[in-house]
$ cat my_file.pdb   # PDB, C-alpha atoms and all ligand atoms
ATOM      1  CA  MET A   1       3.296 -33.866 -18.967
ATOM      2  CA  ILE A   2       4.933 -30.664 -17.725
ATOM      3  CA  ARG A   3       4.487 -30.276 -13.991
ATOM      4  CA  LEU A   4       4.895 -26.765 -12.611
ATOM      5  CA  ALA A   5       5.049 -25.448  -9.070
ATOM      6  CA  VAL A   6       4.143 -21.953  -7.901
ATOM      7  CA  LEU A   7       4.871 -20.195  -4.608
ATOM      8  CA  THR A   8       4.519 -16.753  -3.061
ATOM      9  CA  SER A   9       7.406 -15.461  -1.004
ATOM     10  CA  GLY A  10       8.494 -12.546   1.213
ATOM     11  CA  GLY A  11       6.062  -9.832   2.260
ATOM     12  CA  ASP A  12       2.562 -10.415   0.971
ATOM     13  CA  ALA A  13       1.405  -7.850  -1.590
ATOM     14  CA  PRO A  14      -2.152  -7.067  -2.721
ATOM     15  CA  GLY A  15      -2.542  -8.800  -6.090
ATOM     16  CA  MET A  16      -0.530 -11.934  -5.280
ATOM     17  CA  ASN A  17      -3.765 -13.911  -5.350
ATOM     18  CA  ALA A  18      -4.716 -12.495  -8.738
ATOM     19  CA  ALA A  19      -1.300 -13.598 -10.034
ATOM     20  CA  LEU A  20      -1.776 -17.088  -8.547
ATOM     21  CA  ARG A  21      -5.174 -17.368 -10.174
ATOM     22  CA  ALA A  22      -3.782 -16.415 -13.580
ATOM     23  CA  VAL A  23      -0.804 -18.766 -13.248
ATOM     24  CA  VAL A  24      -2.982 -21.723 -12.249
ATOM     25  CA  ARG A  25      -5.684 -21.179 -14.844
ATOM     26  CA  MET A  26      -3.339 -20.392 -17.742
ATOM     27  CA  ALA A  27      -1.134 -23.355 -16.841
ATOM     28  CA  ARG A  28      -4.088 -25.707 -16.832
ATOM     29  CA  ALA A  29      -5.518 -24.225 -20.025
ATOM     30  CA  THR A  30      -2.148 -24.842 -21.690
ATOM     31  CA  GLY A  31      -2.179 -28.470 -20.581
ATOM     32  CA  TYR A  32       0.303 -28.280 -17.701
ATOM     33  CA  GLU A  33      -0.150 -29.731 -14.272
ATOM     34  CA  ILE A  34       0.323 -27.145 -11.543
ATOM     35  CA  VAL A  35       0.940 -27.514  -7.842
ATOM     36  CA  GLY A  36       1.045 -24.798  -5.203
ATOM     37  CA  ILE A  37       3.706 -24.736  -2.502
ATOM     38  CA  PRO A  38       2.361 -23.339   0.794
ATOM     39  CA  HIS A  39       4.575 -21.029   2.890
ATOM     40  CA  GLY A  40       7.036 -19.997   0.202
ATOM     41  CA  PHE A  41      10.555 -21.390   0.088
ATOM     42  CA  THR A  42      10.140 -22.813   3.591
ATOM     43  CA  GLY A  43       7.339 -25.033   2.289
ATOM     44  CA  LEU A  44       9.451 -25.908  -0.732
ATOM     45  CA  MET A  45      12.281 -27.172   1.464
ATOM     46  CA  ALA A  46       9.841 -29.053   3.654
ATOM     47  CA  GLY A  47       8.285 -30.693   0.567
ATOM     48  CA  GLU A  48       4.762 -29.302   1.034
ATOM     49  CA  TYR A  49       2.947 -29.495  -2.296
ATOM     50  CA  ARG A  50      -0.719 -29.151  -3.116
ATOM     51  CA  THR A  51      -2.349 -29.692  -6.493
ATOM     52  CA  LEU A  52      -4.311 -26.634  -7.581
ATOM     53  CA  SER A  53      -7.372 -26.756  -9.784
ATOM     54  CA  ALA A  54      -9.025 -23.861 -11.590
ATOM     55  CA  ARG A  55     -11.727 -23.974  -8.892
ATOM     56  CA  ASP A  56      -9.191 -23.746  -6.062
ATOM     57  CA  VAL A  57      -8.312 -20.249  -7.222
ATOM     58  CA  GLY A  58     -11.919 -19.158  -7.759
ATOM     59  CA  GLY A  59     -13.043 -15.999  -5.951
ATOM     60  CA  ILE A  60      -9.556 -14.864  -4.937
ATOM     61  CA  ILE A  61      -8.873 -12.166  -7.532
ATOM     62  CA  GLY A  62     -10.116  -9.438  -5.205
ATOM     63  CA  LEU A  63      -8.515 -10.725  -2.012
ATOM     64  CA  GLY A  64      -5.372  -9.270  -0.431
ATOM     65  CA  GLY A  65      -2.738 -11.530   1.099
ATOM     66  CA  THR A  66      -1.887 -14.870  -0.476
ATOM     67  CA  LEU A  67      -3.905 -18.070  -0.636
ATOM     68  CA  LEU A  68      -0.691 -20.085  -0.339
ATOM     69  CA  GLY A  69       0.785 -18.171   2.568
ATOM     70  CA  THR A  70       4.337 -16.867   2.537
ATOM     71  CA  THR A  71       7.502 -16.713   4.625
ATOM     72  CA  ARG A  72      10.787 -14.877   4.737
ATOM     73  CA  CYS A  73      13.078 -17.860   4.317
ATOM     74  CA  VAL A  74      16.561 -17.223   5.679
ATOM     75  CA  ALA A  75      17.582 -20.851   5.112
ATOM     76  CA  LEU A  76      17.447 -20.391   1.328
ATOM     77  CA  LYS A  77      20.471 -18.104   1.619
ATOM     78  CA  THR A  78      22.566 -21.088   2.737
ATOM     79  CA  THR A  79      24.009 -23.903   0.639
ATOM     80  CA  PRO A  80      22.197 -26.669   2.601
ATOM     81  CA  GLY A  81      18.945 -24.711   2.200
ATOM     82  CA  LEU A  82      19.401 -24.400  -1.559
ATOM     83  CA  GLN A  83      20.316 -28.085  -1.820
ATOM     84  CA  ALA A  84      17.192 -29.052   0.130
ATOM     85  CA  ALA A  85      15.068 -26.931  -2.229
ATOM     86  CA  VAL A  86      16.607 -28.498  -5.344
ATOM     87  CA  ALA A  87      16.189 -32.011  -3.904
ATOM     88  CA  SER A  88      12.561 -31.334  -3.053
ATOM     89  CA  LEU A  89      11.788 -30.132  -6.583
ATOM     90  CA  LYS A  90      13.447 -33.254  -8.036
ATOM     91  CA  GLN A  91      11.635 -35.565  -5.656
ATOM     92  CA  HIS A  92       8.277 -34.099  -6.672
ATOM     93  CA  ALA A  93       9.160 -34.220 -10.387
ATOM     94  CA  ILE A  94       8.737 -30.472 -10.871
ATOM     95  CA  ASN A  95       9.799 -29.244 -14.327
ATOM     96  CA  GLY A  96       9.538 -25.557 -13.570
ATOM     97  CA  LEU A  97       9.097 -23.209 -10.599
ATOM     98  CA  ILE A  98       7.270 -19.874 -10.591
ATOM     99  CA  VAL A  99       8.232 -17.463  -7.803
ATOM    100  CA  ILE A 100       5.887 -14.581  -7.005
ATOM    101  CA  GLY A 101       7.707 -12.052  -4.818
ATOM    102  CA  GLY A 102      10.084  -9.140  -4.429
ATOM    103  CA  ASN A 103      13.806  -8.606  -3.994
ATOM    104  CA  GLY A 104      14.687 -11.367  -1.529
ATOM    105  CA  SER A 105      12.442 -13.850  -3.301
ATOM    106  CA  GLN A 106      13.929 -13.135  -6.718
ATOM    107  CA  ALA A 107      17.401 -13.483  -5.191
ATOM    108  CA  GLY A 108      16.298 -16.968  -4.108
ATOM    109  CA  ALA A 109      14.883 -17.653  -7.573
ATOM    110  CA  TYR A 110      18.176 -16.590  -9.144
ATOM    111  CA  ALA A 111      20.213 -18.751  -6.751
ATOM    112  CA  LEU A 112      18.067 -21.759  -7.685
ATOM    113  CA  SER A 113      18.341 -21.013 -11.409
ATOM    114  CA  ARG A 114      22.134 -20.945 -11.065
ATOM    115  CA  LEU A 115      21.868 -24.482  -9.706
ATOM    116  CA  GLY A 116      20.008 -25.516 -12.849
ATOM    117  CA  VAL A 117      16.409 -25.168 -11.638
ATOM    118  CA  PRO A 118      14.097 -23.828 -14.378
ATOM    119  CA  VAL A 119      12.623 -20.737 -12.701
ATOM    120  CA  ILE A 120      10.459 -17.774 -13.677
ATOM    121  CA  GLY A 121       9.915 -14.826 -11.350
ATOM    122  CA  ILE A 122       6.873 -12.562 -11.103
ATOM    123  CA  ALA A 123       7.511  -9.048  -9.723
ATOM    124  CA  SER A 124       5.509  -8.563  -6.538
ATOM    125  CA  THR A 125       6.340  -6.257  -3.625
ATOM    126  CA  ILE A 126       4.757  -3.113  -2.248
ATOM    127  CA  ASP A 127       8.222  -1.525  -1.938
ATOM    128  CA  ASN A 128       8.767  -1.139  -5.698
ATOM    129  CA  ASP A 129      12.471  -1.692  -5.204
ATOM    130  CA  LEU A 130      12.819  -4.523  -7.707
ATOM    131  CA  SER A 131      14.776  -4.000 -10.934
ATOM    132  CA  GLY A 132      13.279  -5.329 -14.163
ATOM    133  CA  THR A 133       9.903  -3.706 -13.652
ATOM    134  CA  ASP A 134       8.697  -0.130 -13.421
ATOM    135  CA  ILE A 135       5.986  -1.193 -11.024
ATOM    136  CA  SER A 136       5.474  -4.374  -9.018
ATOM    137  CA  ILE A 137       2.268  -6.084  -7.970
ATOM    138  CA  GLY A 138       0.894  -4.429  -4.809
ATOM    139  CA  VAL A 139       2.448  -0.991  -5.154
ATOM    140  CA  THR A 140      -0.554   0.976  -6.344
ATOM    141  CA  THR A 141      -2.871  -0.575  -3.749
ATOM    142  CA  ALA A 142      -0.397   0.147  -0.938
ATOM    143  CA  LEU A 143      -0.195   3.716  -2.205
ATOM    144  CA  ASP A 144      -3.974   4.076  -2.220
ATOM    145  CA  VAL A 145      -4.092   2.873   1.390
ATOM    146  CA  ALA A 146      -1.312   5.273   2.437
ATOM    147  CA  VAL A 147      -2.825   8.269   0.668
ATOM    148  CA  GLU A 148      -6.272   7.644   2.116
ATOM    149  CA  ALA A 149      -4.738   7.527   5.604
ATOM    150  CA  ILE A 150      -2.724  10.706   5.019
ATOM    151  CA  ASP A 151      -5.818  12.537   3.744
ATOM    152  CA  ARG A 152      -7.531  11.650   7.030
ATOM    153  CA  LEU A 153      -4.547  12.785   9.066
ATOM    154  CA  ARG A 154      -4.578  16.117   7.233
ATOM    155  CA  VAL A 155      -8.126  16.731   8.434
ATOM    156  CA  THR A 156      -7.254  16.302  12.096
ATOM    157  CA  ALA A 157      -3.892  18.080  11.650
ATOM    158  CA  ALA A 158      -5.654  21.171  10.287
ATOM    159  CA  SER A 159      -8.161  21.192  13.130
ATOM    160  CA  LEU A 160      -5.481  21.285  15.827
ATOM    161  CA  ARG A 161      -2.688  23.161  14.034
ATOM    162  CA  ARG A 162      -0.385  20.186  14.088
ATOM    163  CA  ALA A 163       2.362  18.653  11.977
ATOM    164  CA  PHE A 164       2.075  14.915  11.418
ATOM    165  CA  LEU A 165       5.145  12.787  10.814
ATOM    166  CA  VAL A 166       3.679   9.905   8.822
ATOM    167  CA  GLU A 167       5.981   6.921   8.455
ATOM    168  CA  VAL A 168       5.352   4.697   5.461
ATOM    169  CA  MET A 169       6.860   1.319   4.541
ATOM    170  CA  GLY A 170       9.268   0.675   1.695
ATOM    171  CA  ASN A 171      12.208  -1.015   3.382
ATOM    172  CA  ARG A 172      15.333   0.805   2.174
ATOM    173  CA  CYS A 173      13.571   2.334  -0.818
ATOM    174  CA  GLY A 174      11.780   5.699  -0.796
ATOM    175  CA  TYR A 175       9.381   4.989  -3.650
ATOM    176  CA  LEU A 176       6.243   4.543  -1.510
ATOM    177  CA  ALA A 177       7.054   7.637   0.559
ATOM    178  CA  LEU A 178       7.786   9.743  -2.509
ATOM    179  CA  MET A 179       4.625   8.800  -4.364
ATOM    180  CA  ALA A 180       2.391   8.890  -1.284
ATOM    181  CA  GLY A 181       3.800  12.322  -0.460
ATOM    182  CA  LEU A 182       3.276  13.598  -3.977
ATOM    183  CA  ALA A 183      -0.280  12.258  -4.158
ATOM    184  CA  SER A 184      -1.248  13.671  -0.771
ATOM    185  CA  GLY A 185       0.391  17.068  -1.271
ATOM    186  CA  ALA A 186       2.804  16.568   1.632
ATOM    187  CA  GLU A 187       4.701  19.608   2.862
ATOM    188  CA  ALA A 188       7.896  17.537   3.129
ATOM    189  CA  ILE A 189       9.046  14.036   2.154
ATOM    190  CA  MET A 190      12.024  12.396   3.859
ATOM    191  CA  LEU A 191      13.665   9.633   1.837
ATOM    192  CA  PRO A 192      16.549   7.187   2.267
ATOM    193  CA  GLU A 193      17.907   8.368  -1.075
ATOM    194  CA  VAL A 194      18.138  12.051  -0.104
ATOM    195  CA  LYS A 195      20.302  13.354   2.734
ATOM    196  CA  PHE A 196      18.470  15.534   5.267
ATOM    197  CA  SER A 197      18.753  16.741   8.837
ATOM    198  CA  PRO A 198      15.952  16.932  11.425
ATOM    199  CA  GLU A 199      17.196  20.428  12.175
ATOM    200  CA  ALA A 200      16.673  21.663   8.608
ATOM    201  CA  LEU A 201      13.208  20.078   8.645
ATOM    202  CA  MET A 202      12.419  21.803  11.951
ATOM    203  CA  HIS A 203      13.344  25.172  10.444
ATOM    204  CA  GLN A 204      11.293  24.433   7.317
ATOM    205  CA  LEU A 205       8.215  23.660   9.454
ATOM    206  CA  HIS A 206       8.844  26.778  11.502
ATOM    207  CA  ARG A 207       8.861  28.841   8.292
ATOM    208  CA  PHE A 208       5.557  27.270   7.237
ATOM    209  CA  TYR A 209       4.137  28.043  10.680
ATOM    210  CA  ASP A 210       5.249  31.690  10.456
ATOM    211  CA  GLN A 211       3.672  31.933   7.006
ATOM    212  CA  GLY A 212       0.362  31.148   8.685
ATOM    213  CA  ARG A 213      -0.135  27.589   7.541
ATOM    214  CA  THR A 214      -2.612  25.679   9.672
ATOM    215  CA  HIS A 215      -0.821  22.334   9.603
ATOM    216  CA  ALA A 216       1.791  20.219   7.830
ATOM    217  CA  ILE A 217       2.198  16.656   6.635
ATOM    218  CA  VAL A 218       5.692  15.183   6.590
ATOM    219  CA  VAL A 219       5.928  11.772   4.937
ATOM    220  CA  VAL A 220       8.904   9.804   6.266
ATOM    221  CA  ALA A 221      10.132   6.628   4.585
ATOM    222  CA  GLU A 222      10.837   3.889   7.136
ATOM    223  CA  GLY A 223      14.328   3.507   5.661
ATOM    224  CA  ALA A 224      15.205   7.217   5.885
ATOM    225  CA  ALA A 225      18.343   8.198   7.820
ATOM    226  CA  HIS A 226      16.092   9.486  10.642
ATOM    227  CA  ASN A 227      12.777   7.747  11.175
ATOM    228  CA  ALA A 228       9.601   9.489  12.363
ATOM    229  CA  ASP A 229      10.261   8.801  16.069
ATOM    230  CA  GLN A 230      13.813  10.084  15.840
ATOM    231  CA  ILE A 231      12.702  13.264  14.083
ATOM    232  CA  ASP A 232       9.992  13.787  16.691
ATOM    233  CA  GLN A 233      12.503  13.247  19.508
ATOM    234  CA  PHE A 234      14.776  15.853  17.946
ATOM    235  CA  PHE A 235      11.884  18.325  17.776
ATOM    236  CA  THR A 236      10.870  17.775  21.404
ATOM    237  CA  SER A 237      14.449  18.118  22.628
ATOM    238  CA  HIS A 238      14.852  21.435  20.728
ATOM    239  CA  PRO A 239      11.764  23.382  21.797
ATOM    240  CA  GLY A 240      13.138  26.910  21.107
ATOM    241  CA  LEU A 241      10.957  27.778  18.110
ATOM    242  CA  ALA A 242       7.193  28.331  18.253
ATOM    243  CA  SER A 243       5.879  25.902  15.665
ATOM    244  CA  PHE A 244       3.392  23.120  15.146
ATOM    245  CA  ASP A 245       2.684  20.569  17.826
ATOM    246  CA  THR A 246       3.765  17.245  16.292
ATOM    247  CA  ARG A 247       2.320  13.749  16.215
ATOM    248  CA  VAL A 248       3.756  10.524  14.788
ATOM    249  CA  THR A 249       1.677   7.989  12.856
ATOM    250  CA  LYS A 250       3.229   4.812  11.482
ATOM    251  CA  LEU A 251       1.123   3.260   8.765
ATOM    252  CA  GLY A 252       3.087   0.000   8.928
ATOM    253  CA  HIS A 253       1.500  -3.253   7.795
ATOM    254  CA  ILE A 254      -1.866  -1.599   7.134
ATOM    255  CA  GLN A 255      -0.364  -0.721   3.749
ATOM    256  CA  ARG A 256      -0.003  -4.397   2.853
ATOM    257  CA  GLY A 257      -3.484  -5.437   3.906
ATOM    258  CA  GLY A 258      -5.676  -3.784   1.292
ATOM    259  CA  ALA A 259      -7.829  -5.596  -1.264
ATOM    260  CA  PRO A 260      -5.998  -5.168  -4.582
ATOM    261  CA  GLY A 261      -7.153  -2.241  -6.693
ATOM    262  CA  VAL A 262      -7.993  -2.549 -10.380
ATOM    263  CA  PHE A 263      -4.463  -1.765 -11.562
ATOM    264  CA  ASP A 264      -2.942  -4.465  -9.355
ATOM    265  CA  ARG A 265      -5.542  -7.047 -10.334
ATOM    266  CA  ILE A 266      -4.885  -6.474 -14.011
ATOM    267  CA  LEU A 267      -1.105  -6.224 -13.668
ATOM    268  CA  ALA A 268      -1.016  -9.429 -11.603
ATOM    269  CA  THR A 269      -3.270 -11.234 -14.056
ATOM    270  CA  ARG A 270      -1.137 -10.191 -17.032
ATOM    271  CA  LEU A 271       2.128 -11.088 -15.293
ATOM    272  CA  GLY A 272       0.746 -14.469 -14.212
ATOM    273  CA  ALA A 273      -0.304 -15.245 -17.783
ATOM    274  CA  ALA A 274       3.051 -14.002 -19.126
ATOM    275  CA  ALA A 275       4.900 -16.376 -16.804
ATOM    276  CA  ILE A 276       3.083 -19.342 -18.337
ATOM    277  CA  GLU A 277       3.865 -18.023 -21.836
ATOM    278  CA  GLN A 278       7.539 -18.088 -20.866
ATOM    279  CA  VAL A 279       7.176 -21.732 -19.832
ATOM    280  CA  THR A 280       5.691 -22.517 -23.224
ATOM    281  CA  LEU A 281       8.575 -20.742 -24.949
ATOM    282  CA  GLY A 282      11.052 -22.599 -22.739
ATOM    283  CA  ARG A 283      12.516 -19.260 -21.570
ATOM    284  CA  TRP A 284      13.638 -19.831 -18.016
ATOM    285  CA  GLY A 285      15.666 -17.677 -15.659
ATOM    286  CA  HIS A 286      13.675 -14.472 -16.207
ATOM    287  CA  LEU A 287      11.521 -12.083 -14.238
ATOM    288  CA  VAL A 288       8.255 -11.045 -15.837
ATOM    289  CA  GLY A 289       7.587  -7.382 -15.158
ATOM    290  CA  TYR A 290       6.148  -4.207 -16.608
ATOM    291  CA  LEU A 291       8.519  -1.801 -18.354
ATOM    292  CA  ASN A 292       7.551   1.256 -20.412
ATOM    293  CA  GLY A 293       3.920   0.177 -20.610
ATOM    294  CA  ASP A 294       4.596  -3.376 -21.784
ATOM    295  CA  ILE A 295       4.791  -6.780 -20.163
ATOM    296  CA  THR A 296       8.474  -7.671 -20.402
ATOM    297  CA  THR A 297      11.047 -10.198 -19.277
ATOM    298  CA  THR A 298      14.429  -9.462 -17.708
ATOM    299  CA  ASP A 299      17.192 -11.943 -16.971
ATOM    300  CA  LEU A 300      17.208 -12.755 -13.246
ATOM    301  CA  LYS A 301      20.930 -12.032 -13.200
ATOM    302  CA  ILE A 302      20.278  -8.442 -14.292
ATOM    303  CA  VAL A 303      17.379  -8.140 -11.844
ATOM    304  CA  ASN A 304      19.625  -9.240  -9.001
ATOM    305  CA  THR A 305      22.698  -7.236  -9.895
ATOM    306  CA  SER A 306      21.250  -3.852 -10.809
ATOM    307  CA  GLU A 307      19.958  -1.125  -8.556
ATOM    308  CA  LYS A 308      16.558   0.432  -9.009
ATOM    309  CA  ARG A 309      16.537   4.215  -8.802
ATOM    310  CA  LEU A 310      13.771   6.611  -7.886
ATOM    311  CA  PRO A 311      12.353   8.480 -10.888
ATOM    312  CA  SER A 312      14.361  11.725 -10.755
ATOM    313  CA  ASP A 313      11.665  13.831 -12.479
ATOM    314  CA  VAL A 314       9.165  12.883  -9.751
ATOM    315  CA  LEU A 315      11.734  13.674  -7.081
ATOM    316  CA  HIS A 316      12.243  17.159  -8.529
ATOM    317  CA  LEU A 317       8.513  17.692  -8.866
ATOM    318  CA  ALA A 318       7.873  16.716  -5.248
ATOM    319  CA  ASN A 319      10.572  19.165  -4.104
ATOM    320  CA  ALA A 320       9.226  21.963  -6.268
ATOM    321  CA  LEU A 321       5.677  21.517  -4.971
ATOM    322  CA  ALA A 322       6.498  21.116  -1.267
ATOM    323  CA  CYS A 323       6.947  24.831  -0.682
TER     324      CYS A 323
HETATM  325  O1  LIG N   1       8.741  -6.013   1.778
HETATM  326  C1  LIG N   1       7.573  -5.362   2.116
HETATM  327  C2  LIG N   1       7.643  -4.790   3.494
HETATM  328  O2  LIG N   1       6.323  -4.428   3.832
HETATM  329  C3  LIG N   1       8.602  -3.613   3.703
HETATM  330  O3  LIG N   1       8.053  -2.397   3.264
HETATM  331  C4  LIG N   1       8.825  -3.660   5.177
HETATM  332  O4  LIG N   1      10.066  -3.078   5.504
HETATM  333  C5  LIG N   1       8.825  -5.128   5.462
HETATM  334  O5  LIG N   1       8.073  -5.739   4.436
HETATM  335  C6  LIG N   1       8.218  -5.522   6.788
HETATM  336  O6  LIG N   1       8.449  -6.883   6.967
HETATM  337  P1  LIG N   1       7.681  -7.833   7.959
HETATM  338  O7  LIG N   1       6.289  -8.013   7.438
HETATM  339  O8  LIG N   1       8.462  -9.080   7.922
HETATM  340  O9  LIG N   1       7.662  -7.137   9.281
END

$ encode --input "my_file.pdb" --output "structure tokens" --more "lines below"
Ligand code: F6P
Amino acid sequence: MIRLAVLTSGGDAPGMNAALRAVVRMARATGYEIVGIPHGFTGLMAGEYRTLSARDVGGIIGLGGTLLGTTRCVALKTTPGLQAAVASLKQHAINGLIVIGGNGSQAGAYALSRLGVPVIGIASTIDNDLSGTDISIGVTTALDVAVEAIDRLRVTAASLRRAFLVEVMGNRCGYLALMAGLASGAEAIMLPEVKFSPEALMHQLHRFYDQGRTHAIVVVAEGAAHNADQIDQFFTSHPGLASFDTRVTKLGHIQRGGAPGVFDRILATRLGAAAIEQVTLGRWGHLVGYLNGDITTTDLKIVNTSEKRLPSDVLHLANALAC
């Protein structure tokens, strides 16, 4: 009998549980045994395995976080760590490993596959910085959370004639900031991918102020060259121009904690099922993702060696509208 293992790894993303549920139930329906590995690659190295039944994953489709728990496992980047992972899989007679996670996790999956481990990755990270998928599990829910928060900040900003610098997650990728800014009608969006200076932003806000605007929302990606605190510090140390009073709000981990929205539940369910299909086809070493409206597979080597770019049309649109 084929015996599979599944783990979640890296930052939790809303929809990971829906993916787990689909993986476990489709695996069992296909006649495979499936075990869950708690705490990601750390649990794998430590040999923590837990058999999962269809009932074990009941009622989790709408829950954020991950039933299995997750870690950021630095040890997997080392040769002894990889060897311990391979040995653990052998010892527990695992014929295939399914890794639900983002960039770092799929790098780990690829490293294991290069050592001969049959692996399939499922694209899951709120950052949407993973190649091989247009959108990853968790992104749309994180965006909903961010946009709801920004809408609220706009209300208080308008009441007090303020500019809010709203910092959103995304690691070194500006996708969340760009889309949250576009969806909330932000006056300016500061991204890691686009060079900017706090001084130019200060003058832009001053112009808006002179035009009689009541407030402004500036969405700042956490990975931007100047983060929200640094921009604010620049503003306060250059008080010459009469402009908005500013406030900083960092949305931080709140963006990861939402219950998955409908899109993420369905995406996660389809990707989980697609991973089991790949097992049946004997196609290992791939990431299952969502490209051009279809569920697709991409070689983990390509996933790990290509850079994901921001959609340039959206970038232009955001610039054209923030005026
Ligand atoms: O990878 C998702 C993410 O939320 C990034 O956006 C952020 O930079 C990072 O995780 C935060 O990591 P941690 O939860 O380890 O603080």

$ atom_distance --input "my_file.pdb" --atom1 "atom CA of A:Gly102" --atom2 "atom CA of A:Thr141"
15.5 Å

$ atom_distance --input "my_file.pdb" --atom1 "atom CA of A:Ala22" --atom2 "atom CA of A:Gly36"
12.8 Å

$ residues_around --input "my_file.pdb" --residues "A:Gly257" --least-positions-apart "4" --cutoff "10 Å" --atoms "all atoms listed in the file" --output "PyMOL selection string"
chain A and resi 12-14+63-65+138+141-142+145+252-253

$ closest_atom_pairs --input "my_file.pdb" --of "chain A" --to "ligand LIG 1 (chain N)" --cutoff "8 Å" --atoms "only C-alpha atoms and all ligand atoms" --output "tab-separated table"
residue	atom	partner	partner_atom	distance
A:Gly10	CA	N:LIG1	O1	6.6
A:Gly11	CA	N:LIG1	O1	4.7
A:Asp12	CA	N:LIG1	C1	7.2
A:Ala13	CA	N:LIG1	C1	7.6
A:Arg72	CA	N:LIG1	O8	7.0
A:Gly102	CA	N:LIG1	O1	7.1
A:Thr125	CA	N:LIG1	O1	5.9
A:Ile126	CA	N:LIG1	C1	5.7
A:Asp127	CA	N:LIG1	O3	5.3
A:Val168	CA	N:LIG1	O3	7.9
A:Met169	CA	N:LIG1	O3	4.1
A:Gly170	CA	N:LIG1	O3	3.7
A:Asn171	CA	N:LIG1	O4	3.7
A:Arg172	CA	N:LIG1	O4	7.3
A:Glu222	CA	N:LIG1	O4	7.2
A:Gly223	CA	N:LIG1	O4	7.8
A:Gly252	CA	N:LIG1	O2	7.5
A:His253	CA	N:LIG1	O2	6.4
A:Gln255	CA	N:LIG1	O2	7.6
A:Arg256	CA	N:LIG1	O2	6.4

$ resolve_selection --input "my_file.pdb" --expression "the PyMOL selection byres (((chain A and resi 187-193) around 8) and not hetatm)" --output "list in words"
Arg172, Cys173, Gly174, Ala177, Leu178, Gly181, Gly185, Ala186, Val194, Lys195, Phe196, Ala216, Ile217, Val218, Val219, Val220, Ala221, Gly223, Ala224, Ala225, Ala318, Asn319, Ala322 and Cys323 of chain A

$ atom_distance --input "my_file.pdb" --atom1 "atom CA of A:Ile37" --atom2 "atom CA of A:Val6"
6.1 Å

$ resolve_selection --input "my_file.pdb" --expression "the PyMOL selection byres (((chain A and resi 267) around 9) and not hetatm)" --output "short mmCIF file (atom, residue, chain, number, x, y, z; two decimals) with C-alpha atoms, in the coordinates of the input"
data_model
loop_
_atom_site.label_atom_id
_atom_site.label_comp_id
_atom_site.auth_asym_id
_atom_site.auth_seq_id
_atom_site.Cartn_x
_atom_site.Cartn_y
_atom_site.Cartn_z
CA GLY A 15 -2.54 -8.80 -6.09
CA ALA A 18 -4.72 -12.50 -8.74
CA ALA A 19 -1.30 -13.60 -10.03
CA SER A 136 5.47 -4.37 -9.02
CA ILE A 137 2.27 -6.08 -7.97
CA VAL A 262 -7.99 -2.55 -10.38
CA PHE A 263 -4.46 -1.76 -11.56
CA ASP A 264 -2.94 -4.46 -9.36
CA ARG A 265 -5.54 -7.05 -10.33
CA ILE A 266 -4.88 -6.47 -14.01
CA ALA A 268 -1.02 -9.43 -11.60
CA THR A 269 -3.27 -11.23 -14.06
CA ARG A 270 -1.14 -10.19 -17.03
CA LEU A 271 2.13 -11.09 -15.29
CA GLY A 272 0.75 -14.47 -14.21
CA GLY A 289 7.59 -7.38 -15.16
CA TYR A 290 6.15 -4.21 -16.61
CA ILE A 295 4.79 -6.78 -20.16
#

$ axis_aligned_box --input "my_file.pdb" --around "stretch 282-288 of chain A" --padding-each-side "5 Å" --output "JSON"
{"center_x": 12.0, "center_y": -16.8, "center_z": -18.5, "size_x": 17.4, "size_y": 21.6, "size_z": 18.5}

$ closest_residue --input "my_file.pdb" --among "A:Thr30, A:Thr70, A:Asn128, A:Thr249" --to "A:Val279" --atoms "only C-alpha atoms"
A:Thr30

$ resolve_selection --input "my_file.pdb" --expression "the PyMOL selection byres (((chain A and resi 106) around 10) and not hetatm)" --output "ChimeraX atom specification"
/A:9-10,99-105,107-112,119-124,130,286-287,300-301,303-304
